[in-house]
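K.L.:
Supplied in structure tokens, the structure appears directly below.
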Amino acid sequence: MSAVATPNVPLDMQGAYVPPQRVTIFSVYPEQMEVQFSRRAPVNKFPLAAGSPEKPALLVVEDTWESNATGTGNTRILAEHTAADIVEQMTVRLWEADGPGRAYPGIGICKGERPNASEIEDAVACQRRFFALLVNAARELERLDRRKDIQAKHRMAGRELGVTGEKWMLDESKAAMKHCSWCAEWIDQSARKCPKCQGFQSTEDAAAFAKMHTPAAPGTPLQPPVAQEHKQKQQ
């Protein structure tokens with residue numbers, strides 16, 4: 001568990017001290033997330049490690065703030081950043097849903113020090129919906145012949161949902177690929193033989209290989225007759 005302790009806005013509107021709110025953010029998202037606020041905030045960088053449903057990543061934070069000078073003199077505005085703000089900023093590039101009921105893929109705020117089974121289940125369900133959207137988007141991009149727009153996050157979503165055997169799951173560097181005729185492994189489009197199962201990809205290559213490796217009949221010369229004739233001419 002990592003922790004980022006930050007000072008809260010010290011006074012409320014009436015000038016009374018406000019104790020910092022300390023909460024735990026958890027993540028079952030398979031990649032690291034991070035948010036960075038303005039340099040005017042006392043602590044402005046919040047990294048959250050990759051997690052899983054079996055082992056959620058945890059980040060303990062306190063509300064932080066940043067000050068901005070306005071007008072003339074020493075007048076300043078204290079802009080507060082709550083744990084909810086941190087969660088939203090971590091996922092803003094991933095999730096584009098609007099409204100008060102917004103859910104975030106694989107990330108949330110615990111009611112206690114650790115997420116309970118229900119909180120993890122909700123995060124996983126939201127994350128699967130998000131991954132399904134990415135997979136469907138990648139399939140549409142492939143249908144439109146826009147493979148270059150398919151990103152690593154689309155392929156990551158496909159892996160998490162167990163998608164296999166679809167060409168868009170391959171990196172652009174492996175776009176010219178095909179399934180092996182024997183073991184269905186992805187191999188280079190121009191490969192004549194599978195490096196995994198050693199199977200030939202055409203009946204012609206397989207027949208040629210078999211002919212070359214057929215045992216010779218008893219009494220067959222070790223060298224072809226043309227080689228013998230060439231040797232006699234040299235003598």
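Simple scheme: letters A, B, ... for chains in structure tokens order, numbers from 1 for residues in each chain, numbers from 1 for ligands in the order shown.
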For segment 100-115 of chain A, work out the shell of residues within 12 Å, counting only C-alpha atoms and skipping chain neighbours fewer than 6 positions away, then give it as a ChimeraX atom specification.

P.N.:
/A:1,3,22-34,48-61,82-94,121-134,157

K.L.:
As a CSV table (one decimal) with C-alpha atoms, in the first residue's frame, please: the residues near Ala152 of chain A (cut-off 10 Å, only C-alpha atoms, same-chain neighbours under 6 positions excluded).

P.N.:
chain,number,residue,atom,x,y,z
A,158,GLY,CA,-9.0,-7.8,-25.5
A,169,MET,CA,-5.2,-8.0,-31.4
A,170,LEU,CA,-1.8,-8.1,-33.0
A,171,ASP,CA,0.6,-5.1,-33.0

K.L.:
I need the residue nearest Asp145 of chain A from this list: A:Leu161, A:Trp168, A:Phe200, A:Glu62. Use only C-alpha atoms for the distance.

P.N.:
A:Trp168

K.L.:
Which residue is closest to His81 of chain A? Choose from A:Arg143, A:Ser118, A:Phe37, A:His154 and count only C-alpha atoms.

P.N.:
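So, comparing all the options, the nearest one is A:Phe37.
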
K.L.:
If I take atom CA of Ala184 of chain A and atom CA of Lys196 of chain A, how far is one from the other in Å, to one decimal?

P.N.:
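Those two atoms sit 10.0 Å apart.
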
K.L.:
Which polymer residues have any atom within 12 Å of an atom of Lys193 of chain A, counting only C-alpha atoms, with same-chain residues fewer than 5 positions away left out, as a PyMOL selection string?

P.N.:
chain A and resi 178-183+185-188+198-206+209

K.L.:
Write the selection just made, keeping N, CA and C atoms, as a CSV table (one decimal), in the first residue's frame?

P.N.:
chain,number,residue,atom,x,y,z
A,178,LYS,N,-0.8,-14.7,-40.3
A,178,LYS,CA,-1.9,-15.7,-40.6
A,178,LYS,C,-1.8,-16.8,-39.6
A,179,HIS,N,-2.9,-17.6,-39.5
A,179,HIS,CA,-2.9,-18.7,-38.6
A,179,HIS,C,-2.2,-19.9,-39.3
A,180,CYS,N,-1.4,-20.6,-38.5
A,180,CYS,CA,-0.8,-21.9,-39.0
A,180,CYS,C,-1.9,-22.9,-39.4
A,181,SER,N,-1.8,-23.6,-40.5
A,181,SER,CA,-2.8,-24.5,-40.9
A,181,SER,C,-2.9,-25.7,-40.0
A,182,TRP,N,-2.0,-25.9,-39.1
A,182,TRP,CA,-2.0,-27.1,-38.3
A,182,TRP,C,-2.3,-26.8,-36.8
A,183,CYS,N,-1.6,-25.8,-36.2
A,183,CYS,CA,-1.8,-25.5,-34.8
A,183,CYS,C,-2.5,-24.2,-34.5
A,185,GLU,N,-1.5,-21.3,-34.6
A,185,GLU,CA,-0.6,-20.2,-34.0
A,185,GLU,C,-0.5,-19.1,-35.1
A,186,TRP,N,-0.4,-17.8,-34.6
A,186,TRP,CA,-0.2,-16.7,-35.5
A,186,TRP,C,1.3,-16.8,-36.0
A,187,ILE,N,1.5,-16.8,-37.3
A,187,ILE,CA,2.8,-16.8,-37.9
A,187,ILE,C,2.9,-15.8,-39.0
A,188,ASP,N,4.1,-15.5,-39.5
A,188,ASP,CA,4.2,-14.6,-40.6
A,188,ASP,C,3.5,-15.0,-41.8
A,198,GLN,N,6.3,-26.9,-36.7
A,198,GLN,CA,7.1,-27.3,-37.8
A,198,GLN,C,6.2,-27.8,-39.0
A,199,GLY,N,4.9,-27.4,-39.0
A,199,GLY,CA,4.0,-27.9,-40.1
A,199,GLY,C,4.2,-27.0,-41.3
A,200,PHE,N,4.2,-27.6,-42.5
A,200,PHE,CA,4.2,-26.9,-43.7
A,200,PHE,C,2.9,-26.3,-44.0
A,201,GLN,N,2.9,-25.1,-44.7
A,201,GLN,CA,1.7,-24.4,-44.9
A,201,GLN,C,1.0,-24.7,-46.2
A,202,SER,N,1.7,-25.5,-47.1
A,202,SER,CA,1.1,-25.8,-48.4
A,202,SER,C,1.4,-27.3,-48.6
A,203,THR,N,0.5,-27.9,-49.4
A,203,THR,CA,0.7,-29.4,-49.7
A,203,THR,C,1.9,-29.5,-50.6
A,204,GLU,N,2.2,-28.5,-51.4
A,204,GLU,CA,3.4,-28.7,-52.3
A,204,GLU,C,4.7,-28.7,-51.5
A,205,ASP,N,4.8,-27.8,-50.5
A,205,ASP,CA,6.0,-27.8,-49.7
A,205,ASP,C,6.1,-29.1,-48.9
A,206,ALA,N,5.0,-29.6,-48.4
A,206,ALA,CA,5.0,-30.9,-47.6
A,206,ALA,C,5.4,-32.0,-48.5
A,209,PHE,N,9.2,-31.9,-49.2
A,209,PHE,CA,9.9,-32.3,-48.1
A,209,PHE,C,9.9,-33.8,-47.9

K.L.:
Residues near Asp149 of chain A, anyone? I mean within 9 Å using only C-alpha atoms, not counting same-chain ones fewer than 5 positions away, as a CSV table (one decimal) with N, CA and C atoms, in the first residue's frame.

P.N.:
chain,number,residue,atom,x,y,z
A,138,ALA,N,-12.5,-1.4,-31.4
A,138,ALA,CA,-11.4,-2.0,-32.2
A,138,ALA,C,-11.9,-2.8,-33.4
A,141,LEU,N,-13.0,-0.4,-36.0
A,141,LEU,CA,-11.9,0.2,-36.6
A,141,LEU,C,-11.3,-0.7,-37.7
A,142,GLU,N,-11.2,-2.0,-37.3
A,142,GLU,CA,-10.7,-3.0,-38.3
A,142,GLU,C,-11.7,-3.1,-39.5

K.L.:
Would you work out the distance separating atom CA of Glu160 of chain A from atom CA of Ile120 of chain A, expressed in Å to one decimal?

P.N.:
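We find that atom CA of Glu160 of chain A and atom CA of Ile120 of chain A lie 16.1 Å from each other.
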
K.L.:
Based on DSSP run over this structure's backbone, return all residues of segment 149-199 of chain A in helix (DSSP H, G or I), as a PDB file with C-alpha atoms, in the first residue's frame.

P.N.:
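Wrote it out as selection-v1.pdb, contents follow:
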ATOM      1  CA  ASP A 149      -6.070   3.741 -34.961  1.00  0.00           C
ATOM      2  CA  ALA A 152      -2.435  -0.698 -26.981  1.00  0.00           C
ATOM      3  CA  LYS A 153      -5.413  -0.096 -24.651  1.00  0.00           C
ATOM      4  CA  HIS A 154      -7.729  -1.861 -27.152  1.00  0.00           C
ATOM      5  CA  ARG A 155      -5.464  -4.915 -27.215  1.00  0.00           C
ATOM      6  CA  MET A 156      -5.096  -4.853 -23.435  1.00  0.00           C
ATOM      7  CA  ALA A 157      -8.897  -4.876 -23.115  1.00  0.00           C
ATOM      8  CA  GLY A 158      -9.050  -7.823 -25.520  1.00  0.00           C
ATOM      9  CA  ARG A 159      -6.522  -9.772 -23.453  1.00  0.00           C
ATOM     10  CA  GLU A 160      -8.410  -9.070 -20.231  1.00  0.00           C
ATOM     11  CA  LYS A 167      -6.041  -9.942 -36.229  1.00  0.00           C
ATOM     12  CA  TRP A 168      -6.620  -6.552 -34.586  1.00  0.00           C
ATOM     13  CA  MET A 169      -5.195  -8.031 -31.383  1.00  0.00           C
ATOM     14  CA  GLU A 172       0.976  -3.175 -36.257  1.00  0.00           C
ATOM     15  CA  SER A 173       4.459  -4.677 -36.566  1.00  0.00           C
ATOM     16  CA  LYS A 174       2.753  -8.073 -36.774  1.00  0.00           C
TER      17      LYS A 174
END

K.L.:
Would you work out the distance separating atom CA of Leu144 of chain A from atom CA of Thr164 of chain A, expressed in Å to one decimal?

P.N.:
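Answer for the atom CA of Leu144 of chain A to atom CA of Thr164 of chain A separation: 20.0 Å.
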